[in-house]
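Participant: Input file: target-v6.cif. Contents: mmCIF, C-alpha atoms.
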data_upload
#
loop_
_atom_site.label_atom_id
_atom_site.label_comp_id
_atom_site.auth_asym_id
_atom_site.auth_seq_id
_atom_site.Cartn_x
_atom_site.Cartn_y
_atom_site.Cartn_z
CA MET A 7 95.97 42.51 107.72
CA GLN A 8 93.25 45.13 107.99
CA SER A 9 89.72 44.11 107.26
CA VAL A 10 87.75 46.08 104.70
CA SER A 11 85.79 47.73 107.50
CA ASP A 12 88.99 48.60 109.41
CA PHE A 13 90.52 50.08 106.30
CA ALA A 14 87.40 52.14 105.59
CA HIS A 15 87.38 53.38 109.19
CA SER A 16 91.07 54.32 109.02
CA ARG A 17 90.57 56.13 105.74
CA HIS A 18 87.66 58.03 107.22
CA ALA A 19 89.76 59.00 110.26
CA VAL A 20 92.60 60.25 108.04
CA ARG A 21 90.15 62.27 106.01
CA ALA A 22 88.64 63.74 109.18
CA VAL A 23 92.06 64.79 110.47
CA ALA A 24 92.99 66.25 107.09
CA ALA A 25 89.72 68.15 106.96
CA GLY A 26 90.29 69.49 110.46
CA LEU A 27 93.80 70.67 109.56
CA ALA A 28 92.51 72.25 106.37
CA MET A 29 89.83 74.13 108.30
CA THR A 30 92.43 75.33 110.85
CA VAL A 31 94.72 76.60 108.10
CA ALA A 32 91.76 78.19 106.32
CA ALA A 33 90.70 79.95 109.52
CA LEU A 34 94.18 81.41 109.94
CA ALA A 35 94.11 82.65 106.36
CA SER A 36 90.51 83.86 106.29
CA PRO A 37 90.06 87.19 104.48
CA ALA A 38 88.59 90.20 106.24
CA GLY A 39 84.82 89.91 106.46
CA ALA A 40 84.69 86.12 106.13
CA ALA A 41 82.83 85.83 109.45
CA ASP A 42 80.24 88.34 108.23
CA SER A 43 79.20 86.60 105.03
CA ALA A 44 77.83 83.41 103.52
CA ALA A 45 77.53 82.07 100.00
CA ILE A 46 73.95 81.00 99.27
CA VAL A 47 73.38 78.91 96.16
CA MET A 48 70.10 78.52 94.28
CA TYR A 49 68.85 75.62 92.18
CA HIS A 50 65.62 74.99 90.25
CA ARG A 51 65.63 71.59 88.52
CA PHE A 52 67.76 68.46 88.87
CA GLY A 53 68.36 65.99 86.05
CA GLU A 54 65.75 67.61 83.78
CA ASP A 55 68.06 67.99 80.81
CA GLN A 56 65.34 69.42 78.55
CA TYR A 57 65.51 72.65 80.60
CA PRO A 58 69.25 73.54 80.58
CA SER A 59 68.78 77.16 81.63
CA THR A 60 67.22 76.14 84.97
CA ASN A 61 68.58 72.62 85.37
CA VAL A 62 71.72 71.08 86.81
CA ARG A 63 72.72 67.64 85.58
CA ILE A 64 72.72 64.88 88.17
CA GLU A 65 76.47 64.35 87.91
CA GLN A 66 77.02 68.10 88.42
CA PHE A 67 74.84 68.11 91.51
CA GLU A 68 76.52 65.03 92.95
CA ALA A 69 79.89 66.77 92.51
CA HIS A 70 78.53 69.79 94.40
CA VAL A 71 77.33 67.59 97.26
CA ALA A 72 80.68 65.82 97.44
CA GLU A 73 82.50 69.15 97.58
CA LEU A 74 80.26 70.39 100.38
CA GLU A 75 80.94 67.15 102.28
CA SER A 76 84.71 67.66 102.02
CA GLY A 77 85.02 69.31 105.43
CA ARG A 78 86.01 72.70 104.07
CA TYR A 79 82.56 74.25 104.45
CA ALA A 80 79.94 74.94 107.10
CA VAL A 81 76.61 74.19 105.40
CA LEU A 82 74.03 75.85 107.64
CA PRO A 83 70.24 76.20 107.59
CA VAL A 84 69.39 79.36 105.68
CA PRO A 85 67.26 80.73 108.58
CA GLU A 86 70.31 80.37 110.83
CA ILE A 87 72.47 82.26 108.35
CA VAL A 88 70.09 85.18 107.92
CA GLU A 89 69.44 85.43 111.67
CA ALA A 90 73.18 85.60 112.34
CA LEU A 91 73.62 88.29 109.69
CA ARG A 92 70.74 90.33 111.09
CA ALA A 93 71.93 89.97 114.69
CA GLY A 94 75.57 90.72 113.90
CA ARG A 95 76.78 87.31 115.07
CA GLY A 96 79.82 85.80 113.45
CA LEU A 97 79.54 82.92 110.99
CA PRO A 98 82.09 80.20 110.25
CA ASP A 99 84.40 80.88 107.34
CA ARG A 100 82.99 79.39 104.14
CA ALA A 101 79.43 79.33 105.49
CA VAL A 102 77.12 78.03 102.75
CA GLY A 103 73.34 77.95 102.38
CA ILE A 104 71.42 75.83 99.86
CA THR A 105 68.12 76.97 98.33
CA VAL A 106 65.78 75.67 95.63
CA ASP A 107 63.13 77.76 93.86
CA ASP A 108 59.70 76.78 92.50
CA ALA A 109 58.03 73.43 93.03
CA TYR A 110 59.57 71.06 90.51
CA ARG A 111 59.29 67.42 91.50
CA SER A 112 62.95 66.69 90.79
CA VAL A 113 63.87 68.45 94.05
CA TYR A 114 62.05 65.59 95.79
CA THR A 115 63.18 62.71 93.57
CA VAL A 116 66.79 63.79 92.95
CA ALA A 117 68.02 66.49 95.34
CA PHE A 118 66.24 65.61 98.57
CA PRO A 119 67.52 62.02 98.94
CA ARG A 120 71.09 63.02 98.11
CA LEU A 121 71.15 65.99 100.47
CA LYS A 122 69.45 63.97 103.21
CA ALA A 123 72.03 61.17 102.88
CA ALA A 124 74.82 63.76 103.10
CA GLY A 125 73.26 65.45 106.12
CA LEU A 126 72.97 68.77 104.29
CA THR A 127 70.03 71.03 105.02
CA PHE A 128 68.26 73.22 102.46
CA THR A 129 65.37 75.62 101.89
CA ILE A 130 62.77 75.39 99.13
CA PHE A 131 60.68 78.37 97.98
CA ILE A 132 57.30 77.25 96.65
CA ALA A 133 54.84 78.96 94.31
CA THR A 134 51.61 77.42 95.60
CA ASP A 135 49.49 77.55 92.41
CA ASP A 136 51.82 75.08 90.68
CA VAL A 137 51.31 72.59 93.50
CA ASP A 138 47.55 73.07 93.52
CA LYS A 139 47.32 72.50 89.77
CA LYS A 140 48.78 68.99 90.30
CA LEU A 141 50.93 69.22 87.22
CA PRO A 142 52.90 66.03 86.42
CA GLY A 143 56.28 67.68 87.03
CA SER A 144 55.32 69.53 90.21
CA LEU A 145 55.56 68.64 93.87
CA THR A 146 52.55 67.46 95.82
CA TRP A 147 51.62 68.76 99.25
CA ASP A 148 52.37 65.30 100.69
CA GLN A 149 55.90 65.48 99.32
CA ILE A 150 56.32 68.99 100.73
CA ARG A 151 55.13 67.80 104.15
CA GLU A 152 57.56 64.88 104.03
CA MET A 153 60.49 67.20 103.28
CA ARG A 154 59.38 69.65 105.96
CA ASP A 155 59.17 66.84 108.52
CA ALA A 156 62.72 65.82 107.55
CA GLY A 157 64.03 69.29 108.38
CA VAL A 158 63.71 71.11 105.06
CA THR A 159 62.78 74.78 105.46
CA ILE A 160 59.72 75.80 103.42
CA GLY A 161 59.68 79.34 102.02
CA ALA A 162 57.09 81.38 100.11
CA HIS A 163 57.44 82.33 96.44
CA SER A 164 54.06 83.98 95.63
CA ALA A 165 51.04 82.04 94.36
CA SER A 166 51.35 82.22 90.56
CA HIS A 167 55.04 83.12 90.19
CA LEU A 168 54.14 86.47 88.67
CA HIS A 169 56.35 89.41 87.70
CA MET A 170 55.76 91.39 90.89
CA THR A 171 57.48 94.57 89.65
CA GLU A 172 54.94 94.81 86.81
CA ALA A 173 51.90 94.14 89.02
CA THR A 174 49.98 96.63 91.13
CA PRO A 175 50.43 96.60 94.91
CA GLU A 176 46.89 95.30 95.27
CA THR A 177 47.57 92.39 92.88
CA ASN A 178 50.72 91.56 94.82
CA ARG A 179 48.81 91.63 98.10
CA GLN A 180 46.19 89.27 96.69
CA GLU A 181 48.96 86.93 95.55
CA MET A 182 50.54 86.93 98.97
CA GLN A 183 47.22 86.32 100.70
CA ARG A 184 46.33 83.41 98.43
CA SER A 185 49.77 81.84 98.79
CA LEU A 186 49.94 82.17 102.58
CA LYS A 187 46.41 80.85 103.00
CA ARG A 188 47.40 77.67 101.18
CA PHE A 189 50.47 77.21 103.36
CA GLU A 190 48.32 77.60 106.47
CA GLN A 191 45.78 75.09 105.15
CA GLU A 192 48.34 72.48 104.08
CA LEU A 193 51.23 72.98 106.50
CA GLY A 194 49.58 74.67 109.45
CA ALA A 195 51.88 77.67 109.42
CA ARG A 196 53.13 80.53 107.27
CA PRO A 197 56.70 80.46 105.97
CA ALA A 198 59.12 82.94 107.50
CA LEU A 199 61.25 83.40 104.35
CA PHE A 200 60.29 84.79 100.95
CA ALA A 201 61.96 84.73 97.52
CA TYR A 202 60.95 87.12 94.74
CA PRO A 203 59.84 85.31 91.56
CA TYR A 204 62.55 85.77 88.91
CA GLY A 205 64.48 87.68 91.57
CA GLU A 206 62.63 90.85 90.51
CA MET A 207 62.35 93.42 93.28
CA SER A 208 61.37 97.06 93.60
CA LEU A 209 60.92 99.21 96.68
CA ALA A 210 57.15 99.03 96.15
CA VAL A 211 57.26 95.21 96.01
CA GLN A 212 59.56 95.11 99.01
CA LYS A 213 57.03 97.15 100.99
CA VAL A 214 54.28 94.62 100.27
CA VAL A 215 56.50 91.73 101.33
CA ALA A 216 57.28 93.49 104.62
CA GLU A 217 53.56 94.07 105.23
CA PHE A 218 53.02 90.32 105.45
CA GLY A 219 55.55 89.88 108.22
CA PHE A 220 58.52 88.59 106.27
CA LYS A 221 61.76 89.93 107.69
CA THR A 222 63.98 88.43 105.02
CA ALA A 223 63.62 88.07 101.25
CA PHE A 224 65.89 86.73 98.53
CA GLY A 225 66.75 87.69 94.97
CA GLN A 226 68.46 85.77 92.19
CA HIS A 227 71.45 88.06 91.65
CA SER A 228 74.95 86.66 91.99
CA GLY A 229 76.69 87.81 95.13
CA THR A 230 77.61 86.81 98.64
CA ALA A 231 75.24 87.54 101.52
CA HIS A 232 76.83 89.99 103.94
CA ARG A 233 75.93 91.39 107.33
CA GLY A 234 75.66 94.96 105.99
CA GLY A 235 73.47 93.99 103.03
CA ASP A 236 69.76 94.60 102.50
CA PRO A 237 67.89 91.85 104.41
CA TYR A 238 65.03 92.22 101.93
CA TYR A 239 67.23 91.55 98.92
CA ILE A 240 69.73 88.85 99.82
CA PRO A 241 71.81 87.65 96.85
CA ARG A 242 72.17 84.03 95.77
CA PHE A 243 74.34 82.33 93.18
CA ALA A 244 71.98 80.92 90.54
CA LEU A 245 73.18 77.59 89.18
CA ASN A 246 72.33 75.91 85.90
CA GLU A 247 74.06 73.55 83.48
CA THR A 248 76.30 76.31 82.12
CA TYR A 249 77.46 77.59 85.52
CA SER A 250 77.57 74.34 87.49
CA GLY A 251 80.98 72.94 86.58
CA LEU A 252 82.88 72.02 89.74
CA ASP A 253 85.46 74.79 89.29
CA ASP A 254 82.68 77.39 88.98
CA PHE A 255 80.90 75.97 92.01
CA ILE A 256 84.06 76.00 94.14
CA LEU A 257 84.76 79.60 93.13
CA ARG A 258 81.29 80.71 94.25
CA VAL A 259 81.08 78.87 97.57
CA ASN A 260 84.49 80.28 98.54
CA THR A 261 83.54 83.91 98.00
CA VAL A 262 83.39 86.60 100.68
CA GLY A 263 80.80 89.38 100.74
CA LEU A 264 82.03 92.75 99.51
CA PRO A 265 80.54 95.05 102.18
CA VAL A 266 78.93 98.09 100.56
CA ARG A 267 76.68 100.92 101.74
CA ASP A 268 75.09 104.09 100.33
CA LEU A 269 74.02 102.26 97.16
CA THR A 270 72.49 104.42 94.44
CA PRO A 271 70.00 104.22 92.93
CA SER A 272 68.21 102.77 95.95
CA ASP A 273 65.46 101.20 93.80
CA PRO A 274 66.55 98.42 91.40
CA TYR A 275 63.38 98.98 89.35
CA LEU A 276 64.54 101.49 86.76
CA ALA A 277 61.30 103.14 85.73
CA GLN A 278 63.25 106.37 85.31
CA GLY A 279 66.88 107.31 85.01
CA ASN A 280 68.10 104.74 82.49
CA PRO A 281 71.03 104.37 82.19
CA PRO A 282 71.53 104.82 85.91
CA LEU A 283 74.56 106.25 87.65
CA ILE A 284 75.40 103.40 89.99
CA GLY A 285 77.44 104.17 93.08
CA PHE A 286 78.36 102.54 96.35
CA THR A 287 80.88 102.85 99.17
CA VAL A 288 82.96 99.83 100.15
CA ASP A 289 83.60 99.42 103.87
CA ASP A 290 87.14 100.25 104.89
CA SER A 291 87.53 96.75 106.36
CA VAL A 292 88.53 95.97 102.77
CA PRO A 293 91.97 97.60 102.76
CA SER A 294 91.88 98.88 99.19
CA LEU A 295 89.94 98.58 95.95
CA ALA A 296 92.95 97.48 93.93
CA GLY A 297 91.85 94.85 91.44
CA LEU A 298 88.15 95.74 91.61
CA SER A 299 86.38 94.84 88.37
CA CYS A 300 82.71 95.05 87.38
CA TYR A 301 80.68 93.28 84.74
CA HIS A 302 77.23 93.97 83.28
CA SER A 303 75.34 90.93 81.99
CA GLN A 304 74.39 92.59 78.69
CA LEU A 305 76.86 95.43 78.26
CA GLY A 306 80.01 93.60 79.33
CA ALA A 307 82.91 94.90 81.40
CA VAL A 308 82.54 98.38 82.88
CA ALA A 309 85.49 100.25 84.37
CA PRO A 310 84.81 101.36 87.96
CA GLU A 311 85.67 104.95 88.82
CA ILE A 312 87.20 105.12 92.31
CA LEU A 313 86.50 108.35 94.21
CA GLY A 314 88.78 108.86 97.18
CA THR A 315 89.71 105.45 98.54
CA HIS A 316 86.43 103.52 98.86
CA ARG A 317 83.67 105.18 96.83
CA VAL A 318 82.84 103.50 93.52
CA GLU A 319 80.83 104.91 90.60
CA LEU A 320 79.83 103.11 87.42
CA ARG A 321 78.82 105.14 84.38
CA PHE A 322 77.11 103.71 81.32
CA SER A 323 76.93 105.25 77.85
CA GLU A 324 73.79 103.34 76.80
CA PRO A 325 70.59 102.37 78.59
CA PHE A 326 70.02 98.99 80.16
CA PRO A 327 67.78 96.78 77.98
CA ALA A 328 64.20 96.03 78.97
CA GLY A 329 63.77 93.20 81.44
CA ARG A 330 66.29 91.83 83.93
CA THR A 331 69.94 92.77 83.92
CA ARG A 332 72.66 91.87 86.41
CA LEU A 333 75.74 93.65 87.67
CA SER A 334 78.62 92.00 89.52
CA CYS A 335 81.71 93.57 91.08
CA THR A 336 84.56 91.45 92.40
CA ARG A 337 87.95 91.97 93.99
CA PRO A 338 90.67 89.43 94.89
CA ALA A 339 90.49 88.46 98.57
CA GLY A 340 93.70 86.43 98.64
CA GLY A 341 94.28 82.70 98.57
CA GLY A 342 92.41 82.35 95.29
CA ARG A 343 89.21 83.71 96.86
CA TRP A 344 87.13 86.72 95.82
CA TYR A 345 85.05 89.46 97.37
CA TRP A 346 81.75 89.58 95.45
CA PHE A 347 78.92 92.11 95.28
CA GLY A 348 75.99 91.85 92.88
CA MET A 349 72.68 93.45 91.97
CA GLN A 350 69.80 92.73 89.61
CA TYR A 351 67.99 95.63 87.95
CA VAL A 352 64.65 95.56 86.17
CA VAL A 353 63.77 97.87 83.30
CA PRO A 354 60.03 98.06 82.44
CA LYS A 355 59.10 96.61 79.08
CA GLU A 356 57.44 98.88 76.55
#
I'd like the structure from this file rewritten - as structure tokens, please.

Facilitator:
Amino acid sequence: MQSVSDFAHSRHAVRAVAAGLAMTVAALASPAGAADSAAIVMYHRFGEDQYPSTNVRIEQFEAHVAELESGRYAVLPVPEIVEALRAGRGLPDRAVGITVDDAYRSVYTVAFPRLKAAGLTFTIFIATDDVDKKLPGSLTWDQIREMRDAGVTIGAHSASHLHMTEATPETNRQEMQRSLKRFEQELGARPALFAYPYGEMSLAVQKVVAEFGFKTAFGQHSGTAHRGGDPYYIPRFALNETYSGLDDFILRVNTVGLPVRDLTPSDPYLAQGNPPLIGFTVDDSVPSLAGLSCYHSQLGAVAPEILGTHRVELRFSEPFPAGRTRLSCTRPAGGGRWYWFGMQYVVPKE
């Protein structure tokens, strides 16, 4: 008769073999472009049920962790993912990166111990003013140092978490200087990664970020990071209580980047030309655009106009509303998986 420990070991071995077979089958069936993309997810709060729009419930998060431990995914450090994409190196199929924005203490009390126990790495983007204010629900610098020393990547997120697209370049520079100074004082080094507060980016903001030596920056628009994408506006799947059911999570972490180029307009800050004529060309590694569908977060479904075989144009009969608006385009990739491209646009408020 097997002992409890023998049985547990045998069950673990069976699971390991099954996971290996599943990964082999998945590799054989990988869609085109799978080695050139990674799904990066973004969290804010954990188990803070009073903030449902930025929170995931603990049981939701534990289900995500269990899924990522299943053996089907390659959960990689985000710096490793972005370096591979920039260098043109291949990634494993179903490569996944985990990020957390802001400086809420629940990342330390809830997410950190669970991810550490599972051996899953993550990146946290910190707005330094919130830490310095020593608010009850914010991280402390000691907690940040502890996570860093355990292998967590620390990224920058401005000082005050301002709306950078509405600020002057000089204000944005002052924010960056104040934030980076605090990182140097408390951690002894500047972060290498940056995330735009609210995911709001313009070409003018992007220029300021580049001035401070960041080579990679992240938005909050749904989409799969891809080798041909803008390294200063990498998409992430934002998760909250509404979009954190296990089926939704599995759908997102199994996506493949839809490779696009020649995106117009080039600036997602729509100070002029609203509604915009949005256009992009899909790489011919995607054999056809059959089944392509697009969705606007406020205006609903929009029918893509296909020019030739791989050029897409989206026309809108009414302007985008003030503030943030998101656009997603998807196409079946086979095997229940999807190609996914997304953008976030910002319209100035009156």

Participant: Written as a list of chain:residue names, which residues does the PyMOL selection byres ((chain A and resi 344) around 9) give for the file shown?

Facilitator: A:Leu257, A:Arg258, A:Asn260, A:Thr261, A:Val262, A:Gly263, A:Leu264, A:Thr336, A:Arg337, A:Pro338, A:Ala339, A:Gly340, A:Gly341, A:Gly342, A:Arg343, A:Tyr345, A:Trp346

Participant: Taking all atoms listed in the file into account, name the residue in A:Glu89, A:Asp138, A:Glu190, A:Asp148 that is nearest to Tyr114 of chain A.

Facilitator: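 Closest residue, counting all atoms listed in the file: A:Asp148.
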
Participant: Here is a test: counting all atoms listed in the file, which residue of A:Ala216, A:Leu97, A:Glu152, A:Glu181 is nearest to Leu193 of chain A?

Facilitator: A:Glu152

Participant: Written as a ChimeraX atom specification, which residues does the PyMOL selection byres ((chain A and resi 189) around 12) give for the file shown?

Facilitator: /A:131-135,137-138,147,150-151,154,160-165,182-188,190-198

Participant: Which neighbours of segment 99-102 of chain A fall inside 9 Å, counting all atoms listed in the file, when residues of the same chain fewer than 2 positions from it are skipped, and could you give them as JSON, numbers by chain?

Facilitator: {"A": [29, 32, 33, 36, 37, 40, 41, 42, 43, 44, 45, 46, 47, 74, 78, 79, 80, 81, 82, 83, 84, 87, 97, 104, 259, 260, 261, 262]}

Participant: Of the candidates A:Thr248, A:Thr222, A:Ser272, A:Asn178, which one gets nearest to Leu209 of chain A if we count all atoms listed in the file?

Facilitator: A:Ser272

Participant: Restricting the calculation to only C-alpha atoms, which member of A:Gly251, A:Ala244, A:Phe326, A:Leu91 is positioned closest to Ser59 of chain A?

Facilitator: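 Distance minimum relative to Ser59 of chain A lands on A:Ala244.
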
Participant: Residues within 10 Å of Thr315 of chain A, please, as a ChimeraX atom specification. Count all atoms listed in the file; anything in the same chain fewer than 4 positions from it doesn't count.

Facilitator: /A:287-288,290,293-296

Participant: Write the selection just made, keeping C-alpha atoms, as a CSV table (one decimal), keeping the file's coordinate frame?

Facilitator:
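In the end it all went to selection.csv:
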chain,number,residue,atom,x,y,z
A,287,THR,CA,80.9,102.8,99.2
A,288,VAL,CA,83.0,99.8,100.2
A,290,ASP,CA,87.1,100.2,104.9
A,293,PRO,CA,92.0,97.6,102.8
A,294,SER,CA,91.9,98.9,99.2
A,295,LEU,CA,89.9,98.6,96.0
A,296,ALA,CA,93.0,97.5,93.9

Participant: Enumerate, as a PyMOL selection string, the protein, DNA and RNA residues whose atoms approach (79.0, 91.6, 112.8) to within 7 Å, taking into account all atoms listed in the file and the coordinate frame of the file.

Facilitator: chain A and resi 42+94-96+233

Participant: Give me, please, the distance in Å between atom CA of Tyr204 of chain A and atom CA of His167 of chain A, quoted to one decimal.

Facilitator: 8.1 Å

Participant: Could you tell me how far atom CA of Lys139 of chain A lies from atom CA of Arg111 of chain A, in Å and to one decimal?

Facilitator: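 Separation of atom CA of Lys139 of chain A and atom CA of Arg111 of chain A: 13.1 Å.
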
Participant: So which residues fall inside 8 Å of (69.5, 91.8, 85.3) if we count all atoms listed in the file? Mind giving them as a ChimeraX atom specification?

Facilitator: /A:227,303,329-333,349-352

Participant: What does the file look like for those residues with C-alpha atoms, as an mmCIF file, in the coordinates of the input?

Facilitator:
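Result saved to again_35.cif:
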data_model
loop_
_atom_site.group_PDB
_atom_site.id
_atom_site.type_symbol
_atom_site.label_atom_id
_atom_site.label_comp_id
_atom_site.auth_asym_id
_atom_site.auth_seq_id
_atom_site.Cartn_x
_atom_site.Cartn_y
_atom_site.Cartn_z
ATOM 1 C CA HIS A 227 71.450 88.060 91.650
ATOM 2 C CA SER A 303 75.340 90.930 81.990
ATOM 3 C CA GLY A 329 63.770 93.200 81.440
ATOM 4 C CA ARG A 330 66.290 91.830 83.930
ATOM 5 C CA THR A 331 69.940 92.770 83.920
ATOM 6 C CA ARG A 332 72.660 91.870 86.410
ATOM 7 C CA LEU A 333 75.740 93.650 87.670
ATOM 8 C CA MET A 349 72.680 93.450 91.970
ATOM 9 C CA GLN A 350 69.800 92.730 89.610
ATOM 10 C CA TYR A 351 67.990 95.630 87.950
ATOM 11 C CA VAL A 352 64.650 95.560 86.170
#

Participant: Rank nothing, just name the residue among A:Pro98, A:Pro237, A:Gly229, A:Gly157 nearest to Ala201 of chain A, using only C-alpha atoms.

Facilitator: A:Pro237

Participant: Between A:Glu311, A:Val214, A:Val158, A:Tyr57, which is the closest to Thr177 of chain A once you count all atoms listed in the file?

Facilitator: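 Distance minimum relative to Thr177 of chain A lands on A:Val214.
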
Participant: Just how far from atom CA of Gln180 of chain A is atom CA of Gly143 of chain A, in Å to one decimal?

Facilitator: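 Between atom CA of Gly143 of chain A and atom CA of Gln180 of chain A the gap is 25.7 Å.
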